[in-house]
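Trainee: So that you have it, the file is final_35.cif, and it contains mmCIF, C-alpha atoms, pLDDT in the B column; chains and numbers go by the auth columns:
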data_upload
loop_
_atom_site.group_PDB
_atom_site.id
_atom_site.type_symbol
_atom_site.label_atom_id
_atom_site.label_comp_id
_atom_site.label_asym_id
_atom_site.label_seq_id
_atom_site.Cartn_x
_atom_site.Cartn_y
_atom_site.Cartn_z
_atom_site.B_iso_or_equiv
_atom_site.auth_seq_id
_atom_site.auth_asym_id
ATOM 1 C CA PRO A 1 84.952 42.706 122.469 73.00 1 A
ATOM 2 C CA PRO A 2 83.916 44.385 119.228 85.00 2 A
ATOM 3 C CA LEU A 3 85.853 47.549 118.437 89.00 3 A
ATOM 4 C CA PRO A 4 84.289 50.848 117.461 92.00 4 A
ATOM 5 C CA TYR A 5 85.153 52.202 114.030 93.00 5 A
ATOM 6 C CA GLY A 6 87.632 54.760 115.450 94.00 6 A
ATOM 7 C CA LYS A 7 89.668 52.052 117.159 95.00 7 A
ATOM 8 C CA ILE A 8 89.669 49.863 114.026 95.00 8 A
ATOM 9 C CA ILE A 9 91.318 52.718 112.118 95.00 9 A
ATOM 10 C CA THR A 10 93.881 53.189 114.903 96.00 10 A
ATOM 11 C CA SER A 11 94.536 49.423 114.998 96.00 11 A
ATOM 12 C CA ILE A 12 95.372 49.463 111.297 96.00 12 A
ATOM 13 C CA TYR A 13 97.732 52.391 111.840 96.00 13 A
ATOM 14 C CA LEU A 14 99.544 50.671 114.703 97.00 14 A
ATOM 15 C CA LYS A 15 99.764 47.334 112.879 97.00 15 A
ATOM 16 C CA VAL A 16 101.265 48.930 109.769 96.00 16 A
ATOM 17 C CA SER A 17 103.722 50.981 111.829 96.00 17 A
ATOM 18 C CA ILE A 18 104.996 47.923 113.704 97.00 18 A
ATOM 19 C CA SER A 19 105.025 45.338 110.928 96.00 19 A
ATOM 20 C CA ASP A 20 106.714 47.629 108.398 94.00 20 A
ATOM 21 C CA PHE A 21 109.601 48.385 110.749 93.00 21 A
ATOM 22 C CA LEU A 22 109.993 44.725 111.695 95.00 22 A
ATOM 23 C CA THR A 23 110.052 43.859 107.992 95.00 23 A
ATOM 24 C CA LEU A 24 113.034 46.193 107.634 94.00 24 A
ATOM 25 C CA PHE A 25 115.014 44.024 110.084 94.00 25 A
ATOM 26 C CA SER A 26 114.092 40.956 108.057 94.00 26 A
ATOM 27 C CA ALA A 27 114.804 42.443 104.622 93.00 27 A
ATOM 28 C CA ARG A 28 118.251 43.783 105.517 91.00 28 A
ATOM 29 C CA THR A 29 119.756 40.288 105.970 89.00 29 A
ATOM 30 C CA HIS A 30 118.704 39.032 102.511 85.00 30 A
ATOM 31 C CA GLU A 31 118.799 35.199 102.536 86.00 31 A
ATOM 32 C CA GLY A 32 119.757 34.963 106.228 90.00 32 A
ATOM 33 C CA PHE A 33 117.524 35.088 109.295 94.00 33 A
ATOM 34 C CA PHE A 34 117.028 38.516 110.830 93.00 34 A
ATOM 35 C CA TRP A 35 119.462 37.727 113.640 92.00 35 A
ATOM 36 C CA SER A 36 122.256 36.609 111.273 91.00 36 A
ATOM 37 C CA SER A 37 123.621 40.165 110.990 88.00 37 A
ATOM 38 C CA ARG A 38 123.765 42.604 113.886 90.00 38 A
ATOM 39 C CA PRO A 39 122.016 45.907 113.065 91.00 39 A
ATOM 40 C CA SER A 40 123.912 49.134 113.570 91.00 40 A
ATOM 41 C CA PRO A 41 123.323 51.074 116.800 93.00 41 A
ATOM 42 C CA ILE A 42 121.755 53.994 114.938 94.00 42 A
ATOM 43 C CA LEU A 43 119.195 51.647 113.344 93.00 43 A
ATOM 44 C CA LEU A 44 118.305 50.192 116.743 94.00 44 A
ATOM 45 C CA VAL A 45 117.898 53.661 118.260 95.00 45 A
ATOM 46 C CA CYS A 46 115.731 54.870 115.368 94.00 46 A
ATOM 47 C CA ALA A 47 113.629 51.702 115.479 95.00 47 A
ATOM 48 C CA GLY A 48 113.125 52.034 119.212 96.00 48 A
ATOM 49 C CA LEU A 49 112.083 55.663 118.916 97.00 49 A
ATOM 50 C CA ALA A 50 109.772 55.103 115.941 96.00 50 A
ATOM 51 C CA LEU A 51 108.042 52.053 117.422 96.00 51 A
ATOM 52 C CA SER A 52 107.695 53.700 120.835 97.00 52 A
ATOM 53 C CA ILE A 53 106.160 56.851 119.376 97.00 53 A
ATOM 54 C CA SER A 54 103.821 54.825 117.145 96.00 54 A
ATOM 55 C CA THR A 55 102.667 52.726 120.102 97.00 55 A
ATOM 56 C CA ILE A 56 102.123 55.763 122.317 97.00 56 A
ATOM 57 C CA LEU A 57 100.144 57.547 119.600 96.00 57 A
ATOM 58 C CA GLY A 58 98.123 54.403 118.916 95.00 58 A
ATOM 59 C CA CYS A 59 97.274 54.068 122.601 96.00 59 A
ATOM 60 C CA LEU A 60 96.620 57.674 123.586 95.00 60 A
ATOM 61 C CA TRP A 61 95.295 59.348 120.445 94.00 61 A
ATOM 62 C CA PRO A 62 92.326 61.505 121.492 93.00 62 A
ATOM 63 C CA ASP A 63 88.814 60.755 120.352 91.00 63 A
ATOM 64 C CA GLY A 64 88.222 62.849 117.262 91.00 64 A
ATOM 65 C CA ALA A 65 88.468 62.983 113.490 89.00 65 A
ATOM 66 C CA THR A 66 91.683 63.005 111.454 85.00 66 A
ATOM 67 C CA ASP A 67 91.173 64.043 107.824 87.00 67 A
ATOM 68 C CA HIS A 68 87.450 63.553 108.410 89.00 68 A
ATOM 69 C CA ILE A 69 88.050 59.945 109.585 91.00 69 A
ATOM 70 C CA ARG A 70 87.090 59.061 113.143 92.00 70 A
ATOM 71 C CA THR A 71 90.029 57.854 115.272 93.00 71 A
ATOM 72 C CA VAL A 72 90.448 57.031 118.945 94.00 72 A
ATOM 73 C CA GLY A 73 93.332 55.684 121.032 95.00 73 A
ATOM 74 C CA LEU A 74 93.326 51.938 121.721 95.00 74 A
ATOM 75 C CA ALA A 75 94.064 52.422 125.426 93.00 75 A
ATOM 76 C CA ARG A 76 90.982 54.603 125.901 91.00 76 A
ATOM 77 C CA GLY A 77 87.841 52.992 127.166 89.00 77 A
ATOM 78 C CA ASP A 78 87.237 49.833 129.157 88.00 78 A
ATOM 79 C CA TYR A 79 89.347 47.400 127.070 90.00 79 A
ATOM 80 C CA THR A 80 93.004 48.457 126.917 92.00 80 A
ATOM 81 C CA LEU A 81 94.855 45.291 125.802 94.00 81 A
ATOM 82 C CA MET A 82 94.395 45.718 122.055 95.00 82 A
ATOM 83 C CA PRO A 83 97.882 47.316 121.539 96.00 83 A
ATOM 84 C CA LEU A 84 99.453 44.257 123.208 96.00 84 A
ATOM 85 C CA TRP A 85 97.574 41.850 120.917 96.00 85 A
ATOM 86 C CA ILE A 86 98.608 43.875 117.875 97.00 86 A
ATOM 87 C CA TRP A 87 102.241 43.667 118.961 97.00 87 A
ATOM 88 C CA ILE A 88 101.982 39.895 119.475 97.00 88 A
ATOM 89 C CA TYR A 89 100.282 39.491 116.097 97.00 89 A
ATOM 90 C CA CYS A 90 103.007 41.504 114.326 97.00 90 A
ATOM 91 C CA VAL A 91 105.899 39.672 116.019 97.00 91 A
ATOM 92 C CA VAL A 92 104.446 36.220 115.271 97.00 92 A
ATOM 93 C CA TRP A 93 103.945 37.065 111.618 97.00 93 A
ATOM 94 C CA TRP A 94 107.386 38.658 111.500 97.00 94 A
ATOM 95 C CA TRP A 95 108.924 35.290 112.430 97.00 95 A
ATOM 96 C CA ILE A 96 106.744 33.475 109.904 97.00 96 A
ATOM 97 C CA GLN A 97 107.674 36.017 107.228 97.00 97 A
ATOM 98 C CA ASP A 98 111.382 35.620 107.980 97.00 98 A
ATOM 99 C CA ILE A 99 111.218 31.829 107.777 97.00 99 A
ATOM 100 C CA VAL A 100 109.335 31.979 104.481 97.00 100 A
ATOM 101 C CA LYS A 101 111.927 34.485 103.186 96.00 101 A
ATOM 102 C CA VAL A 102 114.838 32.153 103.992 95.00 102 A
ATOM 103 C CA ILE A 103 113.070 29.181 102.401 96.00 103 A
ATOM 104 C CA GLY A 104 112.218 31.290 99.362 95.00 104 A
ATOM 105 C CA TYR A 105 115.839 32.390 98.915 91.00 105 A
ATOM 106 C CA TRP A 106 117.044 28.792 99.249 91.00 106 A
ATOM 107 C CA PHE A 107 114.548 27.665 96.614 92.00 107 A
ATOM 108 C CA MET A 108 115.535 30.478 94.211 88.00 108 A
ATOM 109 C CA HIS A 109 119.249 29.725 94.613 81.00 109 A
ATOM 110 C CA ARG A 110 118.650 25.994 94.264 84.00 110 A
ATOM 111 C CA TYR A 111 116.827 26.318 90.928 84.00 111 A
ATOM 112 C CA ASN A 112 118.302 29.707 89.836 78.00 112 A
ATOM 113 C CA ILE A 113 114.860 31.308 89.615 83.00 113 A
ATOM 114 C CA PHE A 114 114.900 34.794 88.051 77.00 114 A
ATOM 115 C CA ASN A 115 118.607 34.099 87.262 71.00 115 A
ATOM 116 C CA ILE A 116 119.373 35.000 90.882 73.00 116 A
ATOM 117 C CA ASN A 117 122.739 33.233 90.876 67.00 117 A
ATOM 118 C CA THR A 118 123.910 34.938 87.690 60.00 118 A
ATOM 119 C CA ASP A 119 122.652 38.384 88.663 55.00 119 A
ATOM 120 C CA GLN A 120 124.196 38.149 92.119 53.00 120 A
ATOM 121 C CA LEU A 121 127.673 37.490 90.737 51.00 121 A
ATOM 122 C CA VAL A 122 128.550 41.129 90.243 48.00 122 A
ATOM 123 C CA ASN A 123 127.408 42.015 93.770 50.00 123 A
ATOM 124 C CA MET A 124 129.327 39.418 95.774 50.00 124 A
ATOM 125 C CA ARG A 125 131.148 41.139 98.632 48.00 125 A
ATOM 126 C CA ALA A 126 133.528 38.169 98.939 48.00 126 A
ATOM 127 C CA ALA A 127 134.574 38.364 95.279 49.00 127 A
ATOM 128 C CA GLU A 128 138.141 39.487 95.893 50.00 128 A
ATOM 129 C CA LYS A 129 140.360 36.866 94.267 52.00 129 A
ATOM 130 C CA ALA A 130 140.122 34.438 91.400 51.00 130 A
ATOM 131 C CA ASN A 131 141.301 31.360 93.308 52.00 131 A
ATOM 132 C CA ASP A 132 138.749 31.604 96.129 53.00 132 A
ATOM 133 C CA ARG A 133 137.818 27.960 96.767 56.00 133 A
ATOM 134 C CA LYS A 134 135.678 28.689 99.800 55.00 134 A
ATOM 135 C CA HIS A 135 133.192 31.033 98.129 55.00 135 A
ATOM 136 C CA ALA A 136 132.159 29.456 94.832 58.00 136 A
ATOM 137 C CA LEU A 137 129.864 32.332 93.919 57.00 137 A
ATOM 138 C CA ALA A 138 132.629 34.830 94.630 58.00 138 A
ATOM 139 C CA ARG A 139 134.962 32.923 92.332 57.00 139 A
ATOM 140 C CA GLN A 140 132.262 32.894 89.669 61.00 140 A
ATOM 141 C CA SER A 141 131.870 36.639 90.074 60.00 141 A
ATOM 142 C CA VAL A 142 135.558 37.127 89.327 61.00 142 A
ATOM 143 C CA GLY A 143 135.232 34.862 86.303 64.00 143 A
ATOM 144 C CA LEU A 144 132.247 36.765 84.909 66.00 144 A
ATOM 145 C CA VAL A 145 133.759 40.210 85.443 67.00 145 A
ATOM 146 C CA GLU A 146 137.178 39.223 84.062 69.00 146 A
ATOM 147 C CA THR A 147 135.550 37.666 80.987 73.00 147 A
ATOM 148 C CA LYS A 148 133.770 40.940 80.216 74.00 148 A
ATOM 149 C CA LEU A 149 137.004 42.838 80.899 74.00 149 A
ATOM 150 C CA LEU A 150 138.943 40.574 78.547 75.00 150 A
ATOM 151 C CA ASN A 151 136.489 41.256 75.718 78.00 151 A
ATOM 152 C CA ALA A 152 136.662 44.999 76.380 80.00 152 A
ATOM 153 C CA LYS A 153 140.476 45.004 76.311 80.00 153 A
ATOM 154 C CA ILE A 154 140.593 43.056 73.055 80.00 154 A
ATOM 155 C CA GLU A 155 138.116 45.483 71.475 82.00 155 A
ATOM 156 C CA ASP A 156 140.216 48.419 72.666 82.00 156 A
ATOM 157 C CA ALA A 157 143.362 46.869 71.160 80.00 157 A
ATOM 158 C CA ILE A 158 141.566 46.304 67.841 80.00 158 A
ATOM 159 C CA ASP A 159 140.504 49.956 67.767 82.00 159 A
ATOM 160 C CA LYS A 160 144.091 51.122 68.372 77.00 160 A
ATOM 161 C CA VAL A 161 145.476 48.856 65.651 76.00 161 A
ATOM 162 C CA ASP A 162 142.862 50.033 63.150 78.00 162 A
ATOM 163 C CA ALA A 163 143.548 53.662 64.077 78.00 163 A
ATOM 164 C CA ALA A 164 147.305 53.162 63.575 74.00 164 A
ATOM 165 C CA GLU A 165 146.681 51.583 60.179 72.00 165 A
ATOM 166 C CA LYS A 166 144.558 54.507 59.035 76.00 166 A
ATOM 167 C CA LYS A 167 147.070 57.036 60.344 72.00 167 A
ATOM 168 C CA GLY A 168 149.987 55.411 58.490 64.00 168 A
ATOM 169 C CA ALA A 169 152.657 56.770 60.842 56.00 169 A
ATOM 170 C CA PRO A 170 156.398 56.247 60.153 58.00 170 A
ATOM 171 C CA GLY A 171 157.685 52.795 61.088 57.00 171 A
ATOM 172 C CA ILE A 172 154.265 51.266 60.586 60.00 172 A
ATOM 173 C CA ASN A 173 153.980 48.172 58.428 64.00 173 A
ATOM 174 C CA ARG A 174 150.430 48.269 57.092 68.00 174 A
ATOM 175 C CA LYS A 175 150.288 44.541 56.303 73.00 175 A
ATOM 176 C CA SER A 176 151.567 43.681 59.771 72.00 176 A
ATOM 177 C CA LEU A 177 148.880 45.864 61.322 69.00 177 A
ATOM 178 C CA GLN A 178 146.238 44.127 59.265 74.00 178 A
ATOM 179 C CA ARG A 179 147.594 40.790 60.444 75.00 179 A
ATOM 180 C CA VAL A 180 147.508 41.911 64.084 75.00 180 A
ATOM 181 C CA SER A 181 143.971 43.237 63.702 76.00 181 A
ATOM 182 C CA ALA A 182 142.802 39.946 62.177 81.00 182 A
ATOM 183 C CA GLY A 183 144.508 37.996 64.971 78.00 183 A
ATOM 184 C CA LEU A 184 142.871 40.105 67.661 76.00 184 A
ATOM 185 C CA LYS A 185 139.473 39.527 66.086 77.00 185 A
ATOM 186 C CA ILE A 186 140.113 35.780 66.263 74.00 186 A
ATOM 187 C CA ALA A 187 141.093 36.181 69.913 72.00 187 A
ATOM 188 C CA LYS A 188 137.877 38.097 70.531 70.00 188 A
ATOM 189 C CA VAL A 189 135.855 35.205 69.140 69.00 189 A
ATOM 190 C CA SER A 190 137.761 32.829 71.436 62.00 190 A
ATOM 191 C CA ALA A 191 137.068 35.084 74.416 60.00 191 A
ATOM 192 C CA SER A 192 133.332 35.289 73.705 59.00 192 A
ATOM 193 C CA VAL A 193 132.357 32.357 75.912 51.00 193 A
ATOM 194 C CA SER A 194 128.861 31.411 76.923 40.00 194 A
ATOM 195 C CA ALA A 195 127.248 32.698 80.127 39.00 195 A
ATOM 196 C CA LYS A 196 127.627 29.262 81.710 44.00 196 A
ATOM 197 C CA ASP A 197 131.365 29.224 80.921 49.00 197 A
ATOM 198 C CA ALA A 198 131.748 32.721 82.329 45.00 198 A
ATOM 199 C CA GLU A 199 130.062 31.688 85.580 43.00 199 A
ATOM 200 C CA ALA A 200 132.487 28.771 85.844 45.00 200 A
ATOM 201 C CA GLY A 201 135.401 31.176 85.846 41.00 201 A
ATOM 202 C CA ALA A 202 136.322 31.171 82.132 42.00 202 A
ATOM 203 C CA GLY A 203 135.756 29.169 79.015 44.00 203 A
ATOM 204 C CA MET A 204 138.007 26.508 77.566 44.00 204 A
ATOM 205 C CA SER A 205 139.165 29.079 74.979 64.00 205 A
ATOM 206 C CA VAL A 206 141.393 31.126 77.307 69.00 206 A
ATOM 207 C CA GLU A 207 144.470 29.214 76.153 72.00 207 A
ATOM 208 C CA GLU A 208 143.550 30.057 72.561 73.00 208 A
ATOM 209 C CA VAL A 209 143.477 33.751 73.463 75.00 209 A
ATOM 210 C CA GLU A 210 146.919 33.517 75.089 76.00 210 A
ATOM 211 C CA LYS A 211 148.327 31.572 72.134 77.00 211 A
ATOM 212 C CA GLN A 212 146.988 34.126 69.666 76.00 212 A
ATOM 213 C CA VAL A 213 148.353 37.058 71.687 79.00 213 A
ATOM 214 C CA ASP A 214 151.805 35.417 71.961 80.00 214 A
ATOM 215 C CA GLN A 215 151.961 35.130 68.178 78.00 215 A
ATOM 216 C CA LEU A 216 150.834 38.713 67.711 76.00 216 A
ATOM 217 C CA GLN A 217 153.363 40.032 70.230 77.00 217 A
ATOM 218 C CA SER A 218 156.219 38.619 68.162 78.00 218 A
ATOM 219 C CA VAL A 219 154.805 40.351 65.089 73.00 219 A
ATOM 220 C CA VAL A 220 154.517 43.668 66.938 74.00 220 A
ATOM 221 C CA ASN A 221 158.056 43.406 68.332 76.00 221 A
ATOM 222 C CA SER A 222 159.651 42.721 64.990 74.00 222 A
ATOM 223 C CA GLU A 223 157.542 44.650 62.506 69.00 223 A
ATOM 224 C CA ILE A 224 155.682 47.498 64.258 71.00 224 A
ATOM 225 C CA LYS A 225 157.874 50.227 65.724 69.00 225 A
ATOM 226 C CA GLY A 226 157.391 53.598 67.381 71.00 226 A
ATOM 227 C CA GLU A 227 154.670 54.808 69.724 74.00 227 A
ATOM 228 C CA ALA A 228 151.993 52.748 68.007 71.00 228 A
ATOM 229 C CA GLY A 229 153.975 49.557 68.550 73.00 229 A
ATOM 230 C CA GLU A 230 154.541 50.373 72.216 79.00 230 A
ATOM 231 C CA ALA A 231 150.838 51.094 72.775 79.00 231 A
ATOM 232 C CA ILE A 232 149.770 47.874 71.059 78.00 232 A
ATOM 233 C CA GLN A 233 152.360 45.880 73.008 80.00 233 A
ATOM 234 C CA LYS A 234 151.031 47.347 76.251 84.00 234 A
ATOM 235 C CA ASP A 235 147.509 46.246 75.336 82.00 235 A
ATOM 236 C CA MET A 236 148.765 42.754 74.536 81.00 236 A
ATOM 237 C CA LYS A 237 150.325 42.424 77.990 84.00 237 A
ATOM 238 C CA SER A 238 147.100 43.616 79.624 83.00 238 A
ATOM 239 C CA ILE A 239 145.074 41.052 77.645 81.00 239 A
ATOM 240 C CA LYS A 240 147.436 38.261 78.720 80.00 240 A
ATOM 241 C CA ALA A 241 147.210 39.308 82.380 82.00 241 A
ATOM 242 C CA THR A 242 143.408 39.193 82.272 77.00 242 A
ATOM 243 C CA ALA A 243 143.446 35.820 80.541 78.00 243 A
ATOM 244 C CA GLU A 244 145.776 34.501 83.224 78.00 244 A
ATOM 245 C CA ARG A 245 143.345 35.534 85.976 73.00 245 A
ATOM 246 C CA LEU A 246 140.589 33.711 84.123 72.00 246 A
ATOM 247 C CA LYS A 247 142.717 30.562 84.018 72.00 247 A
ATOM 248 C CA ILE A 248 143.296 30.794 87.768 71.00 248 A
ATOM 249 C CA ALA A 249 139.560 31.094 88.418 65.00 249 A
ATOM 250 C CA ARG A 250 138.757 28.144 86.170 64.00 250 A
ATOM 251 C CA ASN A 251 141.496 25.926 87.620 64.00 251 A
ATOM 252 C CA SER A 252 140.348 26.803 91.141 59.00 252 A
ATOM 253 C CA ALA A 253 136.785 25.830 90.240 54.00 253 A
ATOM 254 C CA SER A 254 137.902 22.420 88.981 53.00 254 A
ATOM 255 C CA ALA A 255 140.356 21.733 91.813 53.00 255 A
ATOM 256 C CA PRO A 256 139.177 19.427 94.664 51.00 256 A
ATOM 257 C CA LYS A 257 138.221 21.156 97.895 49.00 257 A
ATOM 258 C CA LYS A 258 140.589 20.686 100.809 46.00 258 A
#
As structure tokens - that is how I would like this structure written.
Mentor:
Amino acid sequence: PPLPYGKIITSIYLKVSISDFLTLFSARTHEGFFWSSRPSPILLVCAGLALSISTILGCLWPDGATDHIRTVGLARGDYTLMPLWIWIYCVVWWWIQDIVKVIGYWFMHRYNIFNINTDQLVNMRAAEKANDRKHALARQSVGLVETKLLNAKIEDAIDKVDAAEKKGAPGINRKSLQRVSAGLKIAKVSASVSAKDAEAGAGMSVEEVEKQVDQLQSVVNSEIKGEAGEAIQKDMKSIKATAERLKIARNSASAPKK
């Protein structure tokens, strides 16, 4: 039967209250179906309370005006099944929405729309180790983060070498420092891989970085003494450790799955 204006307004209120809360259950699982992750007990309790109160208000709201807009409860009058139909409508469209969400996520991952695969790298919960063969995206996350870290460590080492050269402390060989600085800048160029290489867990230039650092370490050991030499040597070891993790990630990516 046709609804009076007051009940149309209340129907909109009840529909929005139900569908918005159901959408929360769908949105929280990202690319999975809403049942793929169990909600916390507190969320279930809050959802139950909110939906129950909304339904009760939608059914029993007295005939009157709210903010000068006529409203009336859906259970008042001769026809009282409208709240049930609204619930059915919301649940059906909730399922449709969830299915479309999953398909949409699959499509975006398949064709990397909006760079979803690249942007998700830094947020992978499974990204714990570089040789993770099970979770390819997690391994890629390690590769991307370690590549950025490698560049940052090389830049930090260059700054320390340049600062030591300007300071001219005792035991410092200025020409050796200039040589180390130039070598680190070459290593930085080798470490500046493309985004695609970073996603694969490192570029082919990691070995070049290690080779350059090995050569520079021998220079530091023999020609740069004192606190400056120790600090630079420490940075060199840190750069090599990061490069080694990148190699592990890349080798894991190219290794056959068991």
Trainee: I would like the residues chosen by the PyMOL selection byres ((chain A and resi 4) around 12) on the shown file; could you give them as a list in words?
Mentor: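 That expression, the PyMOL selection byres ((chain A and resi 4) around 12), corresponds here to Pro1, Pro2, Leu3, Tyr5, Gly6, Lys7, Ile8, Ile9, Thr10, Ser11, Asp63, Arg70, Thr71, Val72, Gly73, Leu74, Arg76, Gly77 and Tyr79 of chain A.
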Trainee: Expanded to explicit residues, what is the PyMOL selection byres ((chain A and resi 43-54) around 12) for this file, as a count of residues only?
Mentor: 33
Trainee: Determine the nearest neighbour of Phe107 of chain A from the options A:Ile186, A:Leu84, A:Val91, A:Glu31, counting all atoms listed in the file.
Mentor: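 The shortest atom-to-atom distance to Phe107 of chain A comes from A:Glu31.
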Trainee: Restricting the calculation to only C-alpha atoms, which member of A:Lys153, A:His109, A:Lys167, A:Lys188 is positioned closest to Ser238 of chain A?
Mentor: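 Counting only C-alpha atoms, the residue closest to Ser238 of chain A is A:Lys153.
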Trainee: Could you give me the axis-aligned bounding box of segment 34-45 of chain A, with 6 Å of padding per side, as centre plus edge lengths in Å to one decimal, as lines of an AutoDock Vina configuration file?
Mentor:
center_x = 120.5
center_y = 45.3
center_z = 114.5
size_x = 18.9
size_y = 29.4
size_z = 19.4
Trainee: Leaving out segment 216-231 of chain A and any residue of its chain fewer than 4 positions from it, which residues lie within 12 Å of it when counting only C-alpha atoms, given as number ranges by chain?
Mentor: A: 156-187, 209-212, 235-240
Trainee: Produce a file of the selected residues containing C-alpha atoms, as a short mmCIF file (atom, residue, chain, number, x, y, z; two decimals), keeping the file's coordinate frame.
Mentor:
data_model
loop_
_atom_site.label_atom_id
_atom_site.label_comp_id
_atom_site.auth_asym_id
_atom_site.auth_seq_id
_atom_site.Cartn_x
_atom_site.Cartn_y
_atom_site.Cartn_z
CA ASP A 156 140.22 48.42 72.67
CA ALA A 157 143.36 46.87 71.16
CA ILE A 158 141.57 46.30 67.84
CA ASP A 159 140.50 49.96 67.77
CA LYS A 160 144.09 51.12 68.37
CA VAL A 161 145.48 48.86 65.65
CA ASP A 162 142.86 50.03 63.15
CA ALA A 163 143.55 53.66 64.08
CA ALA A 164 147.30 53.16 63.58
CA GLU A 165 146.68 51.58 60.18
CA LYS A 166 144.56 54.51 59.04
CA LYS A 167 147.07 57.04 60.34
CA GLY A 168 149.99 55.41 58.49
CA ALA A 169 152.66 56.77 60.84
CA PRO A 170 156.40 56.25 60.15
CA GLY A 171 157.68 52.80 61.09
CA ILE A 172 154.26 51.27 60.59
CA ASN A 173 153.98 48.17 58.43
CA ARG A 174 150.43 48.27 57.09
CA LYS A 175 150.29 44.54 56.30
CA SER A 176 151.57 43.68 59.77
CA LEU A 177 148.88 45.86 61.32
CA GLN A 178 146.24 44.13 59.26
CA ARG A 179 147.59 40.79 60.44
CA VAL A 180 147.51 41.91 64.08
CA SER A 181 143.97 43.24 63.70
CA ALA A 182 142.80 39.95 62.18
CA GLY A 183 144.51 38.00 64.97
CA LEU A 184 142.87 40.10 67.66
CA LYS A 185 139.47 39.53 66.09
CA ILE A 186 140.11 35.78 66.26
CA ALA A 187 141.09 36.18 69.91
CA VAL A 209 143.48 33.75 73.46
CA GLU A 210 146.92 33.52 75.09
CA LYS A 211 148.33 31.57 72.13
CA GLN A 212 146.99 34.13 69.67
CA ASP A 235 147.51 46.25 75.34
CA MET A 236 148.76 42.75 74.54
CA LYS A 237 150.32 42.42 77.99
CA SER A 238 147.10 43.62 79.62
CA ILE A 239 145.07 41.05 77.64
CA LYS A 240 147.44 38.26 78.72
#
Trainee: Could you add N, CA and C atoms to segment 222-235 of chain A and give me the result as a PDB file, keeping the file's coordinate frame?
Mentor:
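Generated output (selection_32.pdb):
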ATOM      1  N   SER A 222     158.729  42.740  66.127  1.00 74.00           N
ATOM      2  CA  SER A 222     159.651  42.721  64.990  1.00 74.00           C
ATOM      3  C   SER A 222     159.260  43.655  63.854  1.00 74.00           C
ATOM      4  N   GLU A 223     157.987  43.948  63.706  1.00 69.00           N
ATOM      5  CA  GLU A 223     157.542  44.650  62.506  1.00 69.00           C
ATOM      6  C   GLU A 223     156.832  45.973  62.749  1.00 69.00           C
ATOM      7  N   ILE A 224     156.411  46.256  63.992  1.00 71.00           N
ATOM      8  CA  ILE A 224     155.682  47.498  64.258  1.00 71.00           C
ATOM      9  C   ILE A 224     156.471  48.308  65.289  1.00 71.00           C
ATOM     10  N   LYS A 225     157.003  49.424  64.878  1.00 69.00           N
ATOM     11  CA  LYS A 225     157.874  50.227  65.724  1.00 69.00           C
ATOM     12  C   LYS A 225     157.170  51.516  66.162  1.00 69.00           C
ATOM     13  N   GLY A 226     157.872  52.285  66.977  1.00 71.00           N
ATOM     14  CA  GLY A 226     157.391  53.598  67.381  1.00 71.00           C
ATOM     15  C   GLY A 226     156.333  53.548  68.475  1.00 71.00           C
ATOM     16  N   GLU A 227     155.664  54.677  68.667  1.00 74.00           N
ATOM     17  CA  GLU A 227     154.670  54.808  69.724  1.00 74.00           C
ATOM     18  C   GLU A 227     153.497  53.842  69.525  1.00 74.00           C
ATOM     19  N   ALA A 228     153.108  53.659  68.279  1.00 71.00           N
ATOM     20  CA  ALA A 228     151.993  52.748  68.007  1.00 71.00           C
ATOM     21  C   ALA A 228     152.327  51.332  68.454  1.00 71.00           C
ATOM     22  N   GLY A 229     153.565  50.898  68.143  1.00 73.00           N
ATOM     23  CA  GLY A 229     153.975  49.557  68.550  1.00 73.00           C
ATOM     24  C   GLY A 229     154.001  49.397  70.056  1.00 73.00           C
ATOM     25  N   GLU A 230     154.491  50.430  70.752  1.00 79.00           N
ATOM     26  CA  GLU A 230     154.541  50.373  72.216  1.00 79.00           C
ATOM     27  C   GLU A 230     153.137  50.308  72.817  1.00 79.00           C
ATOM     28  N   ALA A 231     152.216  51.087  72.254  1.00 79.00           N
ATOM     29  CA  ALA A 231     150.838  51.094  72.775  1.00 79.00           C
ATOM     30  C   ALA A 231     150.162  49.751  72.546  1.00 79.00           C
ATOM     31  N   ILE A 232     150.374  49.172  71.353  1.00 78.00           N
ATOM     32  CA  ILE A 232     149.770  47.874  71.059  1.00 78.00           C
ATOM     33  C   ILE A 232     150.386  46.788  71.945  1.00 78.00           C
ATOM     34  N   GLN A 233     151.689  46.867  72.148  1.00 80.00           N
ATOM     35  CA  GLN A 233     152.360  45.880  73.008  1.00 80.00           C
ATOM     36  C   GLN A 233     151.837  45.951  74.444  1.00 80.00           C
ATOM     37  N   LYS A 234     151.585  47.168  74.903  1.00 84.00           N
ATOM     38  CA  LYS A 234     151.031  47.347  76.251  1.00 84.00           C
ATOM     39  C   LYS A 234     149.655  46.704  76.367  1.00 84.00           C
ATOM     40  N   ASP A 235     148.834  46.871  75.331  1.00 82.00           N
ATOM     41  CA  ASP A 235     147.509  46.246  75.336  1.00 82.00           C
ATOM     42  C   ASP A 235     147.616  44.731  75.330  1.00 82.00           C
TER      43      ASP A 235
END
